[in-house]
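Heads up, run14.txt below (compact mmCIF, N, CA and C atoms):
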```
# COMPACT_ATOMS: atom_id res chain seq x y z
N MET P 1 177.09 156.52 253.78
CA MET P 1 177.35 155.67 254.95
C MET P 1 177.76 156.58 256.10
N ASN P 2 177.16 156.37 257.24
CA ASN P 2 177.38 157.29 258.33
C ASN P 2 177.59 156.52 259.63
N ALA P 3 178.45 155.54 259.62
CA ALA P 3 178.63 154.72 260.82
C ALA P 3 179.99 154.02 260.80
N GLN P 4 180.17 153.14 261.75
CA GLN P 4 181.39 152.34 261.85
C GLN P 4 181.11 150.99 261.16
N GLU P 5 182.03 150.58 260.33
CA GLU P 5 181.85 149.32 259.58
C GLU P 5 183.13 148.50 259.61
N PHE P 6 182.96 147.19 259.79
CA PHE P 6 184.08 146.25 259.69
C PHE P 6 184.22 145.82 258.25
N LYS P 7 185.42 145.67 257.77
CA LYS P 7 185.67 144.98 256.50
C LYS P 7 186.89 144.12 256.73
N PHE P 8 186.67 142.81 256.92
CA PHE P 8 187.77 141.89 257.19
C PHE P 8 188.41 141.42 255.89
N GLU P 9 189.73 141.26 255.92
CA GLU P 9 190.43 140.69 254.76
C GLU P 9 189.97 139.25 254.57
N THR P 10 189.78 138.54 255.69
CA THR P 10 189.20 137.20 255.67
C THR P 10 188.45 137.01 256.97
N GLU P 11 187.33 136.28 256.92
CA GLU P 11 186.55 136.04 258.14
C GLU P 11 186.80 134.65 258.70
N THR P 12 187.57 133.83 257.97
CA THR P 12 187.95 132.51 258.45
C THR P 12 189.43 132.31 258.19
N ILE P 13 190.16 131.92 259.21
CA ILE P 13 191.57 131.57 259.02
C ILE P 13 191.69 130.07 259.14
N ASP P 14 192.19 129.45 258.07
CA ASP P 14 192.39 128.00 258.04
C ASP P 14 193.86 127.73 258.34
N TYR P 15 194.12 127.12 259.48
CA TYR P 15 195.49 126.78 259.86
C TYR P 15 196.03 125.66 258.97
N GLY P 16 195.11 124.92 258.31
CA GLY P 16 195.55 123.75 257.55
C GLY P 16 195.96 122.67 258.54
N LYS P 17 196.92 121.84 258.14
CA LYS P 17 197.40 120.79 259.03
C LYS P 17 198.69 121.28 259.67
N ILE P 18 198.69 121.37 260.99
CA ILE P 18 199.87 121.84 261.72
C ILE P 18 200.27 120.80 262.76
N ASN P 19 201.52 120.83 263.16
CA ASN P 19 202.00 119.88 264.16
C ASN P 19 201.62 120.31 265.56
N LYS P 20 201.46 119.34 266.43
CA LYS P 20 201.20 119.59 267.84
C LYS P 20 202.30 120.50 268.38
N GLY P 21 201.92 121.52 269.12
CA GLY P 21 202.89 122.43 269.71
C GLY P 21 203.38 123.52 268.77
N ALA P 22 202.86 123.56 267.53
CA ALA P 22 203.28 124.58 266.56
C ALA P 22 202.77 125.95 267.00
N GLU P 23 203.30 126.98 266.38
CA GLU P 23 202.86 128.36 266.68
C GLU P 23 201.36 128.46 266.40
N GLY P 24 200.59 128.86 267.40
CA GLY P 24 199.13 128.89 267.26
C GLY P 24 198.54 130.26 267.07
N GLU P 25 199.40 131.28 266.93
CA GLU P 25 198.85 132.64 266.80
C GLU P 25 198.61 133.00 265.34
N ARG P 26 197.46 133.57 265.08
CA ARG P 26 197.11 134.09 263.75
C ARG P 26 196.51 135.48 263.95
N VAL P 27 196.47 136.26 262.88
CA VAL P 27 195.98 137.63 262.97
C VAL P 27 194.89 137.89 261.93
N PHE P 28 193.76 138.37 262.41
CA PHE P 28 192.68 138.84 261.53
C PHE P 28 192.90 140.33 261.31
N VAL P 29 192.97 140.75 260.07
CA VAL P 29 193.14 142.17 259.75
C VAL P 29 191.81 142.69 259.21
N PHE P 30 191.42 143.85 259.72
CA PHE P 30 190.19 144.46 259.25
C PHE P 30 190.40 145.95 259.05
N LYS P 31 189.45 146.55 258.36
CA LYS P 31 189.51 147.99 258.11
C LYS P 31 188.19 148.61 258.54
N ASN P 32 188.26 149.79 259.13
CA ASN P 32 187.05 150.54 259.44
C ASN P 32 186.67 151.30 258.17
N THR P 33 185.65 150.82 257.47
CA THR P 33 185.24 151.43 256.22
C THR P 33 184.16 152.48 256.43
N GLY P 34 183.81 152.74 257.70
CA GLY P 34 182.82 153.77 258.00
C GLY P 34 183.49 155.12 258.18
N ASN P 35 182.72 156.07 258.71
CA ASN P 35 183.27 157.41 258.92
C ASN P 35 183.27 157.83 260.39
N GLN P 36 183.13 156.86 261.28
CA GLN P 36 183.19 157.10 262.72
C GLN P 36 184.20 156.14 263.34
N PRO P 37 184.82 156.49 264.50
CA PRO P 37 185.75 155.56 265.15
C PRO P 37 185.05 154.25 265.53
N LEU P 38 185.74 153.15 265.27
CA LEU P 38 185.22 151.81 265.57
C LEU P 38 185.83 151.35 266.90
N ILE P 39 184.97 151.01 267.85
CA ILE P 39 185.44 150.59 269.17
C ILE P 39 185.04 149.14 269.40
N ILE P 40 186.04 148.29 269.61
CA ILE P 40 185.77 146.90 269.93
C ILE P 40 185.66 146.79 271.43
N LYS P 41 184.46 146.45 271.91
CA LYS P 41 184.18 146.43 273.34
C LYS P 41 184.64 145.14 274.00
N ASN P 42 184.43 144.04 273.30
CA ASN P 42 184.75 142.73 273.89
C ASN P 42 184.88 141.70 272.77
N ILE P 43 185.64 140.65 273.06
CA ILE P 43 185.76 139.52 272.13
C ILE P 43 185.66 138.25 272.96
N GLN P 44 184.84 137.32 272.52
CA GLN P 44 184.70 136.03 273.21
C GLN P 44 184.93 134.90 272.23
N SER P 45 185.60 133.85 272.72
CA SER P 45 185.79 132.67 271.86
C SER P 45 184.87 131.56 272.34
N SER P 46 184.66 130.58 271.48
CA SER P 46 183.74 129.49 271.79
C SER P 46 184.35 128.47 272.74
N CYS P 47 185.64 128.62 273.06
CA CYS P 47 186.26 127.67 273.99
C CYS P 47 187.52 128.28 274.60
N GLY P 48 187.92 127.79 275.76
CA GLY P 48 189.09 128.31 276.45
C GLY P 48 190.40 128.01 275.73
N CYS P 49 190.36 127.16 274.71
CA CYS P 49 191.56 126.81 273.96
C CYS P 49 191.93 127.89 272.95
N THR P 50 191.03 128.87 272.77
CA THR P 50 191.23 129.94 271.81
C THR P 50 191.22 131.27 272.55
N ILE P 51 192.33 132.01 272.46
CA ILE P 51 192.43 133.27 273.18
C ILE P 51 192.55 134.43 272.19
N PRO P 52 191.49 135.24 272.08
CA PRO P 52 191.55 136.40 271.20
C PRO P 52 192.06 137.63 271.96
N LYS P 53 192.71 138.53 271.24
CA LYS P 53 193.20 139.77 271.84
C LYS P 53 192.68 140.93 271.00
N LYS P 54 191.95 141.82 271.65
CA LYS P 54 191.32 142.93 270.93
C LYS P 54 192.22 144.15 270.90
N PRO P 55 192.01 145.02 269.89
CA PRO P 55 192.73 146.28 269.87
C PRO P 55 192.29 147.14 271.05
N GLU P 56 193.22 147.82 271.69
CA GLU P 56 192.88 148.63 272.86
C GLU P 56 192.33 150.00 272.46
N LYS P 57 192.79 150.54 271.35
CA LYS P 57 192.37 151.88 270.94
C LYS P 57 191.29 151.80 269.86
N PRO P 58 190.48 152.86 269.75
CA PRO P 58 189.50 152.90 268.65
C PRO P 58 190.22 152.87 267.30
N ILE P 59 189.59 152.26 266.32
CA ILE P 59 190.13 152.22 264.95
C ILE P 59 189.44 153.35 264.20
N MET P 60 190.23 154.30 263.76
CA MET P 60 189.70 155.48 263.08
C MET P 60 189.22 155.14 261.67
N PRO P 61 188.32 155.94 261.10
CA PRO P 61 187.84 155.69 259.73
C PRO P 61 189.00 155.54 258.75
N GLY P 62 188.94 154.49 257.94
CA GLY P 62 189.97 154.24 256.93
C GLY P 62 191.19 153.51 257.47
N GLU P 63 191.30 153.36 258.81
CA GLU P 63 192.45 152.66 259.39
C GLU P 63 192.21 151.17 259.48
N LYS P 64 193.34 150.45 259.54
CA LYS P 64 193.27 149.00 259.73
C LYS P 64 193.50 148.67 261.20
N GLY P 65 192.91 147.57 261.61
CA GLY P 65 193.10 147.07 262.97
C GLY P 65 193.38 145.59 262.91
N GLU P 66 193.84 145.03 264.03
CA GLU P 66 194.16 143.60 264.09
C GLU P 66 193.52 142.96 265.31
N ILE P 67 193.08 141.74 265.11
CA ILE P 67 192.62 140.90 266.22
C ILE P 67 193.51 139.66 266.19
N LYS P 68 194.31 139.51 267.23
CA LYS P 68 195.20 138.35 267.33
C LYS P 68 194.45 137.23 268.02
N VAL P 69 194.61 136.02 267.49
CA VAL P 69 193.95 134.84 268.05
C VAL P 69 195.01 133.78 268.28
N SER P 70 195.06 133.24 269.49
CA SER P 70 195.99 132.15 269.80
C SER P 70 195.20 130.88 270.07
N TYR P 71 195.53 129.82 269.33
CA TYR P 71 194.90 128.52 269.54
C TYR P 71 195.89 127.61 270.23
N ASP P 72 195.40 126.81 271.20
CA ASP P 72 196.25 125.87 271.93
C ASP P 72 196.54 124.66 271.04
N THR P 73 197.74 124.65 270.43
CA THR P 73 198.09 123.59 269.47
C THR P 73 198.56 122.31 270.16
N ASN P 74 198.41 122.21 271.47
CA ASN P 74 198.71 120.95 272.15
C ASN P 74 197.50 120.03 272.15
N ARG P 75 196.40 120.49 271.59
CA ARG P 75 195.19 119.66 271.49
C ARG P 75 195.18 119.03 270.10
N VAL P 76 195.41 117.74 270.03
CA VAL P 76 195.49 117.02 268.76
C VAL P 76 194.08 116.79 268.19
N GLY P 77 193.95 116.96 266.88
CA GLY P 77 192.68 116.70 266.20
C GLY P 77 192.19 117.93 265.46
N GLY P 78 191.05 117.76 264.81
CA GLY P 78 190.47 118.86 264.05
C GLY P 78 189.83 119.88 264.98
N PHE P 79 189.81 121.13 264.53
CA PHE P 79 189.14 122.15 265.32
C PHE P 79 188.47 123.17 264.41
N SER P 80 187.41 123.73 264.92
CA SER P 80 186.69 124.82 264.27
C SER P 80 186.11 125.65 265.38
N LYS P 81 186.63 126.86 265.56
CA LYS P 81 186.22 127.70 266.69
C LYS P 81 185.72 129.03 266.18
N SER P 82 184.72 129.55 266.86
CA SER P 82 184.21 130.87 266.49
C SER P 82 184.65 131.89 267.53
N ILE P 83 184.87 133.10 267.04
CA ILE P 83 185.26 134.22 267.88
C ILE P 83 184.21 135.30 267.63
N THR P 84 183.55 135.75 268.69
CA THR P 84 182.50 136.75 268.56
C THR P 84 183.04 138.10 269.00
N ILE P 85 182.86 139.09 268.13
CA ILE P 85 183.34 140.45 268.38
C ILE P 85 182.14 141.33 268.69
N PHE P 86 182.22 142.04 269.82
CA PHE P 86 181.17 142.99 270.21
C PHE P 86 181.75 144.39 270.04
N SER P 87 181.06 145.23 269.25
CA SER P 87 181.61 146.55 268.96
C SER P 87 180.48 147.56 268.77
N ASN P 88 180.88 148.78 268.47
CA ASN P 88 179.90 149.83 268.18
C ASN P 88 179.61 149.93 266.68
N ALA P 89 180.00 148.92 265.92
CA ALA P 89 179.76 148.92 264.47
C ALA P 89 178.27 148.76 264.18
N THR P 90 177.89 149.05 262.95
CA THR P 90 176.51 148.86 262.52
C THR P 90 176.09 147.43 262.80
N GLU P 91 176.98 146.50 262.47
CA GLU P 91 176.77 145.08 262.79
C GLU P 91 177.44 144.88 264.15
N ALA P 92 176.69 145.08 265.24
CA ALA P 92 177.25 145.13 266.60
C ALA P 92 177.92 143.82 267.04
N THR P 93 177.42 142.70 266.51
CA THR P 93 178.02 141.40 266.83
C THR P 93 178.51 140.78 265.53
N LYS P 94 179.79 140.43 265.50
CA LYS P 94 180.40 139.86 264.29
C LYS P 94 181.11 138.57 264.69
N VAL P 95 180.94 137.52 263.90
CA VAL P 95 181.59 136.24 264.19
C VAL P 95 182.65 135.96 263.13
N ILE P 96 183.86 135.66 263.60
CA ILE P 96 184.95 135.22 262.72
C ILE P 96 185.35 133.83 263.20
N ARG P 97 186.06 133.08 262.37
CA ARG P 97 186.36 131.67 262.71
C ARG P 97 187.80 131.28 262.43
N ILE P 98 188.25 130.30 263.19
CA ILE P 98 189.52 129.63 262.89
C ILE P 98 189.23 128.14 262.78
N LYS P 99 190.01 127.46 261.94
CA LYS P 99 189.83 126.02 261.80
C LYS P 99 191.14 125.40 261.38
N GLY P 100 191.23 124.09 261.52
CA GLY P 100 192.43 123.39 261.11
C GLY P 100 192.51 122.02 261.75
N ILE P 101 193.66 121.40 261.58
CA ILE P 101 193.91 120.07 262.15
C ILE P 101 195.27 120.10 262.81
N VAL P 102 195.30 119.68 264.07
CA VAL P 102 196.57 119.55 264.78
C VAL P 102 196.95 118.07 264.74
N ALA P 103 198.12 117.78 264.12
CA ALA P 103 198.59 116.40 263.99
C ALA P 103 199.63 116.11 265.06
N GLU P 104 199.74 114.86 265.43
CA GLU P 104 200.72 114.45 266.45
C GLU P 104 202.12 114.84 266.01
N GLY P 105 202.46 114.56 264.74
CA GLY P 105 203.76 114.98 264.22
C GLY P 105 204.92 114.20 264.84
N VAL P 106 206.03 114.21 264.17
CA VAL P 106 207.25 113.57 264.67
C VAL P 106 208.18 114.69 265.11
N THR P 107 208.54 114.66 266.37
CA THR P 107 209.43 115.71 266.86
C THR P 107 210.88 115.34 266.58
N LEU P 108 211.73 116.31 266.66
CA LEU P 108 213.15 116.11 266.45
C LEU P 108 213.72 115.14 267.48
N GLU P 109 213.22 115.23 268.71
CA GLU P 109 213.70 114.35 269.78
C GLU P 109 213.41 112.89 269.45
N LYS P 110 212.21 112.61 268.91
CA LYS P 110 211.87 111.23 268.53
C LYS P 110 212.81 110.74 267.44
N GLU P 111 213.09 111.61 266.45
CA GLU P 111 213.97 111.23 265.36
C GLU P 111 215.38 110.93 265.89
N LYS P 112 215.88 111.76 266.79
CA LYS P 112 217.21 111.56 267.35
C LYS P 112 217.30 110.24 268.09
N SER P 113 216.24 109.91 268.87
CA SER P 113 216.27 108.65 269.62
C SER P 113 216.21 107.45 268.68
N MET P 114 215.50 107.58 267.56
CA MET P 114 215.43 106.50 266.59
C MET P 114 216.79 106.27 265.93
N ILE P 115 217.48 107.36 265.63
CA ILE P 115 218.79 107.26 264.97
C ILE P 115 219.83 106.67 265.92
N SER P 116 219.81 107.10 267.17
CA SER P 116 220.83 106.65 268.11
C SER P 116 220.64 105.20 268.56
N ASN P 117 219.43 104.65 268.39
CA ASN P 117 219.18 103.26 268.83
C ASN P 117 219.63 102.25 267.79
```

Could you spell out this file's structure in structure tokens?
Amino acid sequence: MNAQEFKFETETIDYGKINKGAEGERVFVFKNTGNQPLIIKNIQSSCGCTIPKKPEKPIMPGEKGEIKVSYDTNRVGGFSKSITIFSNATEATKVIRIKGIVAEGVTLEKEKSMISN
């Protein structure tokens, strides 16, 4: 093997069922399994509700890198979003995904008002 290669621990992160307004950041961990530095040039998401953050430095052979993804959890309902990674890897375009369900949920404030009434 004589190139840059991605090896993701997982290519899909399932948030499961989360409450509206919950922490929306998740991290994709990958390893450069090639023998050349891996450079992530750009990352695009399928919608403005998903914000990916790419590593700024090249990932050296054998090193791990992270791609942080923030989903806007104020949008109630099911979601499935793709994140496209553009790099100098053998597979120049790579798609990873996030999915889950954001539920309305009962907030502490609602519970307090119910108790006090």

Q. For P:Lys31, which residue out of P:Glu11, P:Glu91, P:Glu5, P:Glu56 is the nearest one, using only C-alpha atoms?
A. P:Glu5

Q: Please identify all polymer residues within 5 Å of P:Lys64, counting all atoms listed in the file, omitting same-chain residues fewer than 2 positions from it, and present them as number ranges by chain.
A: P: 30-31, 62, 66

(Q) For a test of reading the model, state the distance in Å between atom CA of P:Ser87 and atom CA of P:Gly100, rounded to one decimal. (A)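 Between these atoms lies a distance of 26.7 Å.
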
(Q) To one decimal place in Å, what is the distance between atom CA of P:Val27 and atom CA of P:Ala103? (A)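 Separation of atom CA of P:Val27 and atom CA of P:Ala103: 21.4 Å.
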
Q. Expressed in Å to a single decimal, how great is the separation between atom CA of P:Phe86 and atom CA of P:Arg26?
A. 19.4 Å

Q: Please provide as a list in words all residues within 6 Å of P:Lys20, with the sequence filter that same-chain residues fewer than 6 positions apart are discarded (counting all atoms listed in the file).
A: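 Residues near the query, excluding close chain neighbours: Thr73, Asn74, Val102, Ala103, Glu104 and Gly105 of chain P.
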
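The nearest approach to P:Lys54 among the residues P:Thr90, P:Ser70, P:Asn19, P:Gln36, with only C-alpha atoms taken into account, belongs to P:Ser70.
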
Q. Which is closer to P:Gly16 than all the others in P:Leu38, P:Ile85, P:Lys94, P:Gly78, using only C-alpha atoms?
A.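 Checking each of P:Leu38, P:Ile85, P:Lys94, P:Gly78 against P:Gly16, counting only C-alpha atoms, the winner is P:Gly78.
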
(Q) Just list as a ChimeraX atom specification whatever in chain P DSSP marks as strand (DSSP E or B). (A) /P:6-8,12-19,25-32,38,40-45,50-53,59,64-71,77-87,93-103

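If you count only N, CA and C atoms and ignore residues fewer than 5 places along the chain from P:Arg97, what sits within 6 Å of it is P:Glu11, P:Thr12, P:Ile13, P:Lys81, P:Ser82, P:Ile83.
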
**Q.** Distance query P:Asn35 at most 7 Å, all atoms listed in the file, self and fewer than 2 positions along chain excluded, as an MDAnalysis selection string
**A.** chainID P and resid 1:5 32:33 37 60:62

Taking all atoms of stretch 54-62 of chain P that appear in the file, build a box with edges along x, y and z, extend it by 3 Å on every side, and state its centre and edge lengths in Å to one decimal, as lines of an AutoDock Vina configuration file.
```
center_x = 190.5
center_y = 148.9
center_z = 264.9
size_x = 11.4
size_y = 20.1
size_z = 21.9
```

Q: Select, from P:Val29, P:Cys49, P:Ala22, P:Val69, the residue with the minimum atom-to-atom distance to P:Phe8, counting all atoms listed in the file.
A: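 That would be P:Val29, the residue with the smallest distance to P:Phe8.
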
Q: Looking only at alpha helix (DSSP H) from DSSP on the backbone, list the matching residues of chain P as a ChimeraX atom specification.
A: /P:108-116

Q | Nearest-residue call for P:Val76, choices P:Ile39, P:Ile101, P:Gly24, P:Pro52, using all atoms listed in the file | A |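 For P:Val76, the nearest of the given residues is P:Ile101.
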